[in-house]
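Structure file coords07.cif; described as mmCIF, C-alpha atoms.
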```
data_start
loop_
_atom_site.label_atom_id
_atom_site.label_comp_id
_atom_site.auth_asym_id
_atom_site.auth_seq_id
_atom_site.Cartn_x
_atom_site.Cartn_y
_atom_site.Cartn_z
CA MET A 28 -1.31 25.06 22.97
CA PRO A 29 1.78 24.50 20.77
CA VAL A 30 0.15 22.35 18.07
CA SER A 31 -3.26 22.34 16.45
CA ALA A 32 -6.07 20.31 17.98
CA GLU A 33 -6.21 18.19 14.83
CA VAL A 34 -2.53 17.29 14.99
CA ARG A 35 -2.73 16.67 18.74
CA ASP A 36 -5.63 14.25 18.20
CA ALA A 37 -3.80 12.57 15.33
CA ILE A 38 -0.71 12.04 17.50
CA ARG A 39 -2.88 10.56 20.23
CA GLU A 40 -4.58 8.26 17.74
CA GLY A 41 -1.19 7.46 16.29
CA SER A 42 -0.17 4.61 14.04
CA TRP A 43 -0.50 1.13 15.49
CA ILE A 44 2.16 -0.03 13.04
CA ARG A 45 4.71 2.37 14.48
CA LYS A 46 3.62 1.70 18.05
CA MET A 47 4.22 -2.03 17.63
CA PHE A 48 7.48 -1.43 15.76
CA GLU A 49 8.74 0.71 18.65
CA GLU A 50 7.61 -1.95 21.11
CA GLY A 51 9.58 -4.46 19.06
CA ALA A 52 12.73 -2.35 19.33
CA ARG A 53 12.28 -2.20 23.10
CA LEU A 54 11.72 -5.96 23.39
CA LYS A 55 14.73 -6.76 21.22
CA ALA A 56 16.94 -4.62 23.43
CA GLU A 57 15.57 -6.39 26.49
CA LYS A 58 15.47 -10.01 25.28
CA GLY A 59 17.82 -10.05 22.30
CA PRO A 60 16.83 -9.71 18.63
CA ASP A 61 16.83 -13.47 18.01
CA ASN A 62 14.21 -13.99 20.72
CA VAL A 63 11.62 -11.57 19.32
CA PHE A 64 9.44 -12.29 16.28
CA ASP A 65 8.56 -8.87 14.91
CA PHE A 66 5.81 -9.00 12.28
CA SER A 67 4.79 -5.35 12.72
CA LEU A 68 6.37 -3.36 9.90
CA GLY A 69 6.14 -3.83 6.13
CA ASN A 70 9.87 -3.38 5.63
CA PRO A 71 10.76 -5.49 2.56
CA TYR A 72 13.17 -8.37 3.09
CA GLY A 73 16.50 -8.52 1.30
CA SER A 74 18.69 -6.16 -0.68
CA PRO A 75 17.84 -4.20 -3.82
CA PRO A 76 18.40 -6.11 -7.07
CA ASP A 77 21.92 -6.19 -8.48
CA GLU A 78 20.82 -4.28 -11.57
CA LEU A 79 19.68 -1.35 -9.44
CA LEU A 80 22.75 -1.40 -7.21
CA GLY A 81 24.97 -1.45 -10.29
CA GLU A 82 23.18 1.56 -11.73
CA ILE A 83 23.56 3.47 -8.45
CA ARG A 84 27.31 2.71 -8.38
CA LYS A 85 27.63 3.89 -11.96
CA LEU A 86 25.75 7.11 -11.25
CA THR A 87 27.82 7.92 -8.18
CA THR A 88 31.22 7.14 -9.73
CA ASP A 89 30.54 8.67 -13.15
CA PRO A 90 27.61 11.05 -12.69
CA PRO A 91 25.98 12.86 -15.60
CA PRO A 92 26.43 16.64 -15.34
CA ASP A 93 22.78 17.26 -14.40
CA LEU A 94 22.52 14.57 -11.70
CA HIS A 95 22.45 16.91 -8.70
CA ARG A 96 20.76 19.90 -10.30
CA TYR A 97 17.16 21.08 -10.49
CA MET A 98 15.07 19.56 -13.24
CA PRO A 99 11.42 20.12 -14.26
CA ASN A 100 9.17 19.66 -11.23
CA ALA A 101 7.64 16.62 -12.90
CA GLY A 102 11.04 14.94 -13.07
CA PHE A 103 13.58 14.15 -15.79
CA PRO A 104 11.71 13.87 -19.13
CA ASP A 105 13.64 10.78 -20.25
CA VAL A 106 12.89 9.00 -16.97
CA ARG A 107 9.20 9.84 -17.24
CA LYS A 108 9.17 8.48 -20.78
CA LYS A 109 10.55 5.14 -19.60
CA VAL A 110 7.88 4.98 -16.91
CA ALA A 111 5.19 5.88 -19.46
CA ASP A 112 6.43 3.23 -21.90
CA SER A 113 6.28 0.59 -19.16
CA LEU A 114 2.75 1.64 -18.18
CA ALA A 115 1.66 1.56 -21.81
CA ARG A 116 2.89 -2.04 -22.08
CA SER A 117 1.16 -3.18 -18.89
CA THR A 118 -2.17 -1.36 -19.33
CA GLY A 119 -2.54 -1.09 -23.11
CA LEU A 120 -3.15 2.66 -22.73
CA PRO A 121 -1.25 5.41 -24.59
CA PHE A 122 0.69 6.85 -21.64
CA THR A 123 3.27 9.51 -22.48
CA ALA A 124 5.83 11.36 -20.39
CA ASP A 125 3.31 14.19 -19.97
CA HIS A 126 1.07 11.84 -17.97
CA VAL A 127 3.83 11.00 -15.47
CA LEU A 128 5.15 12.86 -12.43
CA MET A 129 8.10 11.47 -10.46
CA THR A 130 7.35 11.65 -6.73
CA THR A 131 8.75 10.96 -3.28
CA GLY A 132 7.19 7.53 -3.12
CA ALA A 133 3.53 6.56 -3.35
CA ALA A 134 2.79 8.65 -0.25
CA GLY A 135 4.04 11.74 -2.03
CA ALA A 136 2.05 10.78 -5.12
CA LEU A 137 -1.20 10.39 -3.16
CA ASN A 138 -0.75 13.66 -1.27
CA VAL A 139 -0.04 15.50 -4.51
CA ALA A 140 -3.04 13.96 -6.29
CA LEU A 141 -5.43 14.67 -3.44
CA ARG A 142 -4.27 18.27 -3.12
CA ALA A 143 -4.69 18.75 -6.85
CA ILE A 144 -8.24 17.42 -7.17
CA LEU A 145 -9.90 18.16 -3.82
CA SER A 146 -11.67 21.31 -2.70
CA PRO A 147 -12.42 21.77 1.01
CA GLY A 148 -15.25 19.45 2.06
CA ASP A 149 -14.92 17.06 -0.89
CA GLU A 150 -15.26 13.41 0.10
CA VAL A 151 -12.96 10.48 -0.64
CA VAL A 152 -14.13 6.88 -0.23
CA VAL A 153 -11.67 4.41 1.31
CA ILE A 154 -12.31 0.68 1.52
CA ALA A 155 -11.87 -0.95 4.93
CA PRO A 156 -9.56 -2.42 5.97
CA TYR A 157 -7.24 0.30 4.70
CA PHE A 158 -3.76 1.75 5.14
CA VAL A 159 -4.45 4.18 7.95
CA GLU A 160 -2.34 7.02 6.53
CA TYR A 161 -4.97 7.46 3.79
CA LEU A 162 -7.18 9.26 6.31
CA PHE A 163 -4.45 11.76 7.13
CA TYR A 164 -3.57 12.31 3.46
CA ILE A 165 -7.21 13.12 2.69
CA ARG A 166 -7.45 15.53 5.60
CA ASN A 167 -4.16 17.14 4.56
CA ALA A 168 -5.95 18.27 1.40
CA GLY A 169 -9.09 19.48 3.17
CA GLY A 170 -11.08 16.40 2.23
CA ILE A 171 -13.37 14.16 4.27
CA PRO A 172 -12.75 10.39 4.34
CA VAL A 173 -15.80 8.14 3.99
CA VAL A 174 -15.36 4.45 4.78
CA ALA A 175 -16.95 1.63 2.77
CA GLU A 176 -16.61 -1.89 4.15
CA SER A 177 -15.23 -4.69 2.00
CA THR A 178 -16.66 -8.21 1.76
CA GLU A 179 -15.80 -11.03 4.17
CA ASP A 180 -12.89 -12.01 1.91
CA PHE A 181 -11.78 -8.36 1.61
CA GLN A 182 -13.00 -7.71 -1.93
CA PRO A 183 -14.64 -4.41 -2.95
CA ASP A 184 -18.37 -4.41 -2.12
CA THR A 185 -20.07 -2.36 -4.82
CA GLY A 186 -23.20 -2.01 -2.67
CA GLU A 187 -21.16 -0.51 0.16
CA ILE A 188 -19.29 1.76 -2.23
CA ARG A 189 -22.50 2.90 -3.91
CA ALA A 190 -23.95 3.76 -0.50
CA ALA A 191 -20.81 5.73 0.38
CA LEU A 192 -20.97 7.89 -2.76
CA SER A 193 -22.54 11.32 -2.46
CA ASP A 194 -22.71 14.52 -4.47
CA ARG A 195 -19.51 15.57 -2.67
CA THR A 196 -17.52 12.45 -3.60
CA LYS A 197 -14.42 13.36 -5.60
CA ALA A 198 -12.35 10.18 -5.41
CA VAL A 199 -12.11 6.54 -4.35
CA ILE A 200 -8.81 5.06 -3.14
CA LEU A 201 -8.05 1.51 -4.29
CA ASN A 202 -5.15 -0.59 -3.04
CA THR A 203 -4.57 -3.87 -4.87
CA PRO A 204 -2.74 -5.98 -3.82
CA ASN A 205 -3.98 -4.70 -0.51
CA ASN A 206 -2.32 -3.65 2.71
CA PRO A 207 -3.23 -5.10 5.24
CA THR A 208 -5.08 -8.08 3.74
CA GLY A 209 -3.07 -9.10 0.67
CA ALA A 210 -6.33 -9.19 -1.32
CA VAL A 211 -5.97 -8.86 -5.10
CA TYR A 212 -8.95 -7.35 -6.92
CA PRO A 213 -9.95 -9.30 -10.06
CA ARG A 214 -10.94 -7.64 -13.31
CA ASP A 215 -14.66 -8.30 -12.84
CA ALA A 216 -14.63 -6.49 -9.47
CA LEU A 217 -12.95 -3.51 -11.10
CA ALA A 218 -15.46 -3.56 -13.96
CA ALA A 219 -18.33 -3.59 -11.46
CA LEU A 220 -16.81 -0.59 -9.69
CA ASP A 221 -16.42 1.23 -13.01
CA ALA A 222 -20.11 0.70 -13.75
CA THR A 223 -21.03 2.02 -10.29
CA LEU A 224 -18.91 5.13 -10.75
CA ALA A 225 -20.29 5.67 -14.27
CA GLU A 226 -23.83 5.66 -12.84
CA ARG A 227 -22.86 8.30 -10.33
CA GLU A 228 -21.12 10.43 -13.01
CA GLU A 229 -24.19 10.23 -15.25
CA ARG A 230 -26.38 11.37 -12.35
CA THR A 231 -24.22 14.29 -11.21
CA GLY A 232 -22.25 15.19 -14.32
CA ASN A 233 -18.99 15.05 -12.35
CA PRO A 234 -16.31 12.36 -12.52
CA VAL A 235 -15.11 10.37 -9.52
CA TYR A 236 -11.37 9.80 -9.76
CA VAL A 237 -9.89 6.49 -8.70
CA LEU A 238 -6.55 6.82 -6.90
CA SER A 239 -4.93 3.44 -7.45
CA ASP A 240 -2.22 2.85 -4.84
CA GLU A 241 0.00 0.14 -6.39
CA PRO A 242 3.25 -0.42 -4.47
CA TYR A 243 2.61 -4.19 -4.29
CA ARG A 244 1.48 -4.84 -7.85
CA LYS A 245 4.52 -7.01 -8.67
CA ILE A 246 4.15 -9.11 -5.51
CA VAL A 247 1.48 -11.58 -6.62
CA TYR A 248 1.40 -15.33 -5.96
CA PRO A 249 0.58 -18.30 -8.23
CA GLY A 250 -3.14 -18.61 -8.82
CA PHE A 251 -3.63 -14.85 -8.71
CA SER A 252 -2.93 -12.05 -11.18
CA PHE A 253 -2.74 -8.29 -10.93
CA SER A 254 -5.35 -6.55 -13.08
CA PRO A 255 -4.33 -2.91 -13.66
CA PRO A 256 -7.17 -0.68 -12.41
CA ALA A 257 -6.36 1.86 -15.13
CA ALA A 258 -7.28 -0.73 -17.75
CA SER A 259 -10.77 -1.10 -16.27
CA LEU A 260 -11.53 2.25 -14.63
CA ARG A 261 -11.54 5.34 -16.81
CA ASN A 262 -10.67 8.10 -14.34
CA THR A 263 -7.62 6.49 -12.75
CA LEU A 264 -4.57 8.13 -11.20
CA ILE A 265 -1.81 5.61 -10.45
CA ALA A 266 0.37 6.04 -7.36
CA HIS A 267 3.39 3.73 -7.43
CA SER A 268 6.39 3.29 -5.18
CA HIS A 269 9.58 1.29 -5.73
CA SER A 270 9.84 0.68 -1.98
CA LYS A 271 8.50 -2.88 -2.22
CA ASP A 272 9.39 -4.16 -5.69
CA LEU A 273 12.98 -2.82 -5.63
CA ASN A 274 13.49 -2.99 -1.84
CA VAL A 275 14.35 0.71 -1.42
CA PRO A 276 11.73 2.11 1.02
CA GLY A 277 14.22 4.56 2.52
CA GLU A 278 14.94 6.17 -0.84
CA ARG A 279 11.39 7.48 -1.24
CA ILE A 280 11.08 7.15 -5.00
CA GLY A 281 7.93 6.55 -7.00
CA TYR A 282 5.60 8.25 -9.43
CA LEU A 283 2.08 9.47 -10.10
CA ALA A 284 0.55 8.74 -13.51
CA VAL A 285 -2.70 10.22 -14.82
CA SER A 286 -4.56 7.86 -17.12
CA PRO A 287 -4.88 9.17 -20.70
CA ARG A 288 -8.59 8.24 -20.42
CA ALA A 289 -9.20 10.31 -17.28
CA ALA A 290 -11.49 13.29 -17.43
CA ASP A 291 -9.48 16.49 -17.90
CA ALA A 292 -6.27 14.41 -17.86
CA GLY A 293 -4.03 17.23 -19.05
CA GLU A 294 -5.35 19.72 -16.51
CA VAL A 295 -5.12 17.16 -13.69
CA ALA A 296 -1.52 16.33 -14.63
CA ASP A 297 -0.61 20.04 -14.68
CA GLY A 298 -2.28 20.52 -11.32
CA CYS A 299 -0.32 17.63 -9.85
CA VAL A 300 2.98 19.09 -11.09
CA PHE A 301 2.06 22.44 -9.48
CA CYS A 302 1.14 20.74 -6.18
CA ASN A 303 4.35 18.73 -6.19
CA ARG A 304 6.17 22.06 -6.09
CA VAL A 305 4.06 24.01 -3.63
CA LEU A 306 3.67 21.15 -1.16
CA GLY A 307 7.42 21.38 -0.76
CA PHE A 308 8.45 18.19 -2.50
CA VAL A 309 9.73 20.29 -5.45
CA ASN A 310 10.95 17.17 -7.24
CA ALA A 311 11.67 13.52 -6.53
CA PRO A 312 15.29 12.67 -5.57
CA SER A 313 17.31 13.10 -8.75
CA LEU A 314 19.79 10.26 -8.26
CA MET A 315 17.01 7.75 -7.61
CA GLN A 316 15.01 8.97 -10.60
CA ARG A 317 17.97 8.08 -12.79
CA ALA A 318 18.60 4.81 -10.93
CA VAL A 319 15.08 3.38 -11.30
CA ALA A 320 14.54 4.51 -14.89
CA GLY A 321 15.80 1.25 -16.37
CA ALA A 322 14.29 -0.93 -13.65
CA GLN A 323 10.61 -0.44 -14.47
CA ASP A 324 10.09 -3.97 -15.75
CA LEU A 325 12.31 -5.84 -13.28
CA VAL A 326 10.49 -8.77 -11.67
CA PRO A 327 11.18 -9.21 -7.94
CA ASP A 328 12.25 -12.54 -6.47
CA LEU A 329 9.25 -13.72 -4.44
CA SER A 330 10.70 -17.02 -3.23
CA VAL A 331 11.17 -15.89 0.38
CA TYR A 332 7.72 -14.31 0.58
CA ARG A 333 6.12 -17.41 -0.93
CA ALA A 334 7.87 -19.71 1.53
CA ASN A 335 6.97 -17.49 4.50
CA ARG A 336 3.36 -17.25 3.34
CA GLU A 337 2.98 -21.01 2.97
CA ALA A 338 4.64 -21.82 6.31
CA LEU A 339 2.50 -19.35 8.25
CA LEU A 340 -0.73 -20.30 6.50
CA ALA A 341 -0.15 -23.99 7.24
CA THR A 342 0.77 -23.42 10.88
CA LEU A 343 -1.99 -20.92 11.63
CA SER A 344 -4.57 -23.14 9.95
CA ALA A 345 -3.51 -26.18 11.96
CA ALA A 346 -3.58 -24.08 15.13
CA GLY A 347 -7.20 -23.04 14.52
CA PHE A 348 -6.91 -19.51 13.12
CA VAL A 349 -9.25 -18.30 10.38
CA VAL A 350 -7.32 -16.52 7.65
CA VAL A 351 -8.06 -15.62 4.03
CA PRO A 352 -5.01 -16.63 1.93
CA PRO A 353 -3.52 -13.45 0.45
CA GLY A 354 -3.14 -13.19 -3.30
CA GLY A 355 -0.36 -10.64 -3.12
CA ALA A 356 1.76 -8.29 -0.98
CA PHE A 357 3.33 -9.79 2.15
CA TYR A 358 0.62 -9.63 4.79
CA LEU A 359 -1.81 -11.99 6.50
CA PHE A 360 -4.91 -10.56 8.16
CA PRO A 361 -6.33 -13.36 10.32
CA ARG A 362 -9.45 -13.11 12.42
CA SER A 363 -8.65 -12.56 16.09
CA PRO A 364 -9.52 -15.65 18.15
CA SER A 365 -10.51 -13.30 20.98
CA ARG A 366 -13.47 -10.98 20.75
CA ASP A 367 -11.15 -8.27 22.01
CA GLU A 368 -8.27 -8.24 19.54
CA MET A 369 -6.10 -6.33 22.00
CA GLU A 370 -6.33 -9.33 24.34
CA PHE A 371 -4.91 -11.47 21.55
CA VAL A 372 -2.20 -8.92 20.68
CA ALA A 373 -1.15 -8.96 24.34
CA ALA A 374 -1.13 -12.77 24.38
CA ALA A 375 1.02 -12.80 21.23
CA ARG A 376 3.43 -10.40 22.88
CA GLU A 377 3.81 -12.85 25.77
CA GLU A 378 5.11 -15.29 23.14
CA ASN A 379 7.43 -12.52 21.87
CA ILE A 380 5.33 -12.19 18.70
CA LEU A 381 4.52 -8.65 17.59
CA VAL A 382 1.52 -8.08 15.31
CA VAL A 383 -0.63 -5.03 14.58
CA PRO A 384 -4.27 -4.92 15.75
CA GLY A 385 -6.90 -4.67 13.04
CA ARG A 386 -8.30 -1.46 14.49
CA GLY A 387 -5.15 0.17 13.15
CA PHE A 388 -6.56 -0.52 9.67
CA GLY A 389 -10.22 0.23 10.30
CA ARG A 390 -11.29 -3.39 10.86
CA GLU A 391 -11.50 -4.57 14.45
CA GLY A 392 -11.50 -8.27 15.26
CA HIS A 393 -8.44 -9.00 13.12
CA PHE A 394 -4.67 -8.59 13.30
CA ARG A 395 -1.97 -8.09 10.68
CA ILE A 396 1.13 -10.22 10.20
CA ALA A 397 3.83 -8.64 8.01
CA TYR A 398 5.80 -11.70 6.84
CA CYS A 399 8.44 -9.73 4.93
CA VAL A 400 11.03 -11.11 7.34
CA SER A 401 13.79 -13.71 7.13
CA PRO A 402 12.74 -17.36 6.65
CA ASP A 403 14.63 -18.11 9.86
CA THR A 404 12.43 -15.68 11.79
CA VAL A 405 9.30 -17.36 10.47
CA THR A 406 10.60 -20.86 11.18
CA ARG A 407 11.59 -20.02 14.73
CA SER A 408 8.23 -18.34 15.36
CA LEU A 409 6.12 -21.37 14.40
CA PRO A 410 6.19 -23.06 17.85
CA SER A 411 5.02 -19.77 19.38
CA TRP A 412 2.11 -19.61 16.93
CA GLU A 413 1.23 -23.20 17.83
CA ARG A 414 1.22 -22.35 21.54
CA LEU A 415 -0.98 -19.33 20.86
CA GLY A 416 -3.43 -21.55 19.02
CA GLY A 417 -3.43 -23.94 21.95
CA LYS A 418 -4.37 -21.12 24.31
CA PHE A 419 -7.32 -19.93 22.21
CA PHE A 420 -8.37 -23.19 20.52
CA PRO A 421 -7.71 -25.88 23.13
CA GLY A 422 -7.95 -29.40 21.73
CA ARG A 423 -8.38 -28.23 18.15
CA ARG A 424 -6.11 -29.98 15.68
CA ARG A 425 -7.24 -28.46 12.38
CA GLY A 426 -7.83 -24.83 11.54
CA ALA A 427 -9.61 -22.96 8.83
CA ILE A 428 -8.18 -21.38 5.71
CA ARG A 429 -10.84 -19.62 3.70
#
```

Go ahead and express the file in the form of structure tokens.
Amino acid sequence: MPVSAEVRDAIREGSWIRKMFEEGARLKAEKGPDNVFDFSLGNPYGSPPDELLGEIRKLTTDPPPDLHRYMPNAGFPDVRKKVADSLARSTGLPFTADHVLMTTGAAGALNVALRAILSPGDEVVVIAPYFVEYLFYIRNAGGIPVVAESTEDFQPDTGEIRAALSDRTKAVILNTPNNPTGAVYPRDALAALDATLAEREERTGNPVYVLSDEPYRKIVYPGFSFSPPAASLRNTLIAHSHSKDLNVPGERIGYLAVSPRAADAGEVADGCVFCNRVLGFVNAPSLMQRAVAGAQDLVPDLSVYRANREALLATLSAAGFVVVPPGGAFYLFPRSPSRDEMEFVAAAREENILVVPGRGFGREGHFRIAYCVSPDTVTRSLPSWERLGGKFFPGRRRGAIR
């Protein structure tokens, strides 16, 4: 048996996102890329901002002498200070460079944090629907994932979270704005969660850390606002990636920041630096550390995402689909019109539409649309969505947006 049973099972379970993405590549080769509407992968639309591209050109044509050399495992101190200063402005907390670790994206940050704080058998609560890789990250560190369901409109359910907490709970993973739902958690929901975790800490004497996964925090639509979890929840570790806000997912650059208010913040930060090294990351890519240092407060252009969101919401609603309007990110998570969501996914494929089934995110009966695609792709897909609605909602002229 060449691989472990755990890895073999994980490969079999696989990622529905990747499965549908690979199916999209096959369909495009068969039918032509313009005839396939691939909403499977959260690959951000457009190029990186000019400011970032200019900084990369400058670094490559006139590099500083230390650009390609080892640096402290936490990253360049001056880069970490710029990140800390930006976090201090956005959260009102006294972040310093010592609280920040540059990482290979948010995935690297989460794996480092989990390895640093978990002992074998410790539990981590995830809120469904969730980014499926969380389960693997937790298991990578010897932890046990425990799922708490969200509300009907995908907000944290404190009753569900309270029921999921045990004496072995070490952390809760939050993701706002959320993948796959686009839900944005308001301040009062975060405050309610903080009270719930404080009750548990008072009972057991041990803190529960909140791992706040924030790659979409700058992608928020009018009528909604991002409330920094670290401002409401004391024991927060922030995992951030520039994949989505700077459109550089292939560069794998992000950071982990330990809240100054977190229990044992200094020890946790030191542990994360150690784990960054021994997990084999060693340090985040040096060129990209330098490149993103001055881009911490850049605001992304959301015009394409807003237009795609509005067009799809209007068309799906008119076709009969039930969908909660997302407050952020670039995903819709409609309810499947078929009891068996795989039946709907297959029907969508017949219209050359590729979506990801909700079971890939721990919530069956739904499907995810990643609308981080060109406006032309969305526009050309609308008749296909209308035909799909006609198949599942015959005679219905108005849908439901909730």

Check which residues satisfy the PyMOL selection byres ((chain A and resi 371) around 12) in the file shown, then give them as a VMD selection string.
chain A and resid 348 361 to 370 372 to 378 380 to 385 391 to 395 412 415 to 416 418 to 419

Applying the PyMOL selection byres ((chain A and resi 321) around 9) to the file I just gave you, which residues come out? Please list them as a PDB file with C-alpha atoms, keeping the file's coordinate frame.
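Dumped to expr37.pdb:
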```pdb
ATOM      1  CA  GLU A  78      20.820  -4.280 -11.570  1.00  0.00           C
ATOM      2  CA  LEU A  79      19.680  -1.350  -9.440  1.00  0.00           C
ATOM      3  CA  GLU A  82      23.180   1.560 -11.730  1.00  0.00           C
ATOM      4  CA  VAL A 106      12.890   9.000 -16.970  1.00  0.00           C
ATOM      5  CA  LYS A 109      10.550   5.140 -19.600  1.00  0.00           C
ATOM      6  CA  VAL A 110       7.880   4.980 -16.910  1.00  0.00           C
ATOM      7  CA  ARG A 317      17.970   8.080 -12.790  1.00  0.00           C
ATOM      8  CA  ALA A 318      18.600   4.810 -10.930  1.00  0.00           C
ATOM      9  CA  VAL A 319      15.080   3.380 -11.300  1.00  0.00           C
ATOM     10  CA  ALA A 320      14.540   4.510 -14.890  1.00  0.00           C
ATOM     11  CA  ALA A 322      14.290  -0.930 -13.650  1.00  0.00           C
ATOM     12  CA  GLN A 323      10.610  -0.440 -14.470  1.00  0.00           C
ATOM     13  CA  ASP A 324      10.090  -3.970 -15.750  1.00  0.00           C
ATOM     14  CA  LEU A 325      12.310  -5.840 -13.280  1.00  0.00           C
TER      15      LEU A 325
END
```

Hey, which bits of stretch 263-312 of chain A sit within 12 Å of stretch 196-202 of chain A, and for each residue what's the closest pair of atoms and how far apart in Å (one decimal), counting only C-alpha atoms, rows by chain and increasing number, as JSON lines?
```
{"residue": "A:Thr263", "atom": "CA", "partner": "A:Ala198", "partner_atom": "CA", "distance": 9.5}
{"residue": "A:Leu264", "atom": "CA", "partner": "A:Ile200", "partner_atom": "CA", "distance": 9.6}
{"residue": "A:Ile265", "atom": "CA", "partner": "A:Leu201", "partner_atom": "CA", "distance": 9.7}
{"residue": "A:Ala266", "atom": "CA", "partner": "A:Asn202", "partner_atom": "CA", "distance": 9.6}
{"residue": "A:His267", "atom": "CA", "partner": "A:Asn202", "partner_atom": "CA", "distance": 10.5}
```

Prev. selection, C-alpha atoms, output as a PDB file, in the frame of the given file:
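Okay, result35.pdb is ready:
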```pdb
ATOM      1  CA  THR A 263      -7.620   6.490 -12.750  1.00  0.00           C
ATOM      2  CA  LEU A 264      -4.570   8.130 -11.200  1.00  0.00           C
ATOM      3  CA  ILE A 265      -1.810   5.610 -10.450  1.00  0.00           C
ATOM      4  CA  ALA A 266       0.370   6.040  -7.360  1.00  0.00           C
ATOM      5  CA  HIS A 267       3.390   3.730  -7.430  1.00  0.00           C
TER       6      HIS A 267
END
```

How would you write, as a PyMOL selection string, the residues chosen by the PyMOL selection byres ((chain A and resi 406) around 12) on this structure?
chain A and resi 61+64+331+334-339+341-342+398+400-405+407-413

Nearest candidate to A:Ile280 (options A:Ala101, A:Ala222, A:Ala133, A:Val309; using only C-alpha atoms)
A:Ala133

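Between A:Cys299 and the residues A:Gly389, A:Pro147, A:Gly135, A:Pro353, the shortest atom-to-atom distance, using only C-alpha atoms, involves A:Gly135.
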
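When atom CA of A:Ala311 is paired with atom CA of A:Asp89, their separation reads 20.6 Å.
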
Could you jot down the atom CA of A:Thr131 to atom CA of A:Arg279 separation for me, Å, one decimal place?
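Between these atoms lies a distance of 4.8 Å.
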
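Between atom CA of A:Thr185 and atom CA of A:Gly169 there is a distance of 25.7 Å.
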
Please provide the set of residues having any atom within 8 Å of A:Asn205, restricted to only C-alpha atoms, with same-chain residues fewer than 5 positions apart removed, written as an NGL selection string.
:A and (157 or 210-211 or 243 or 355-356)
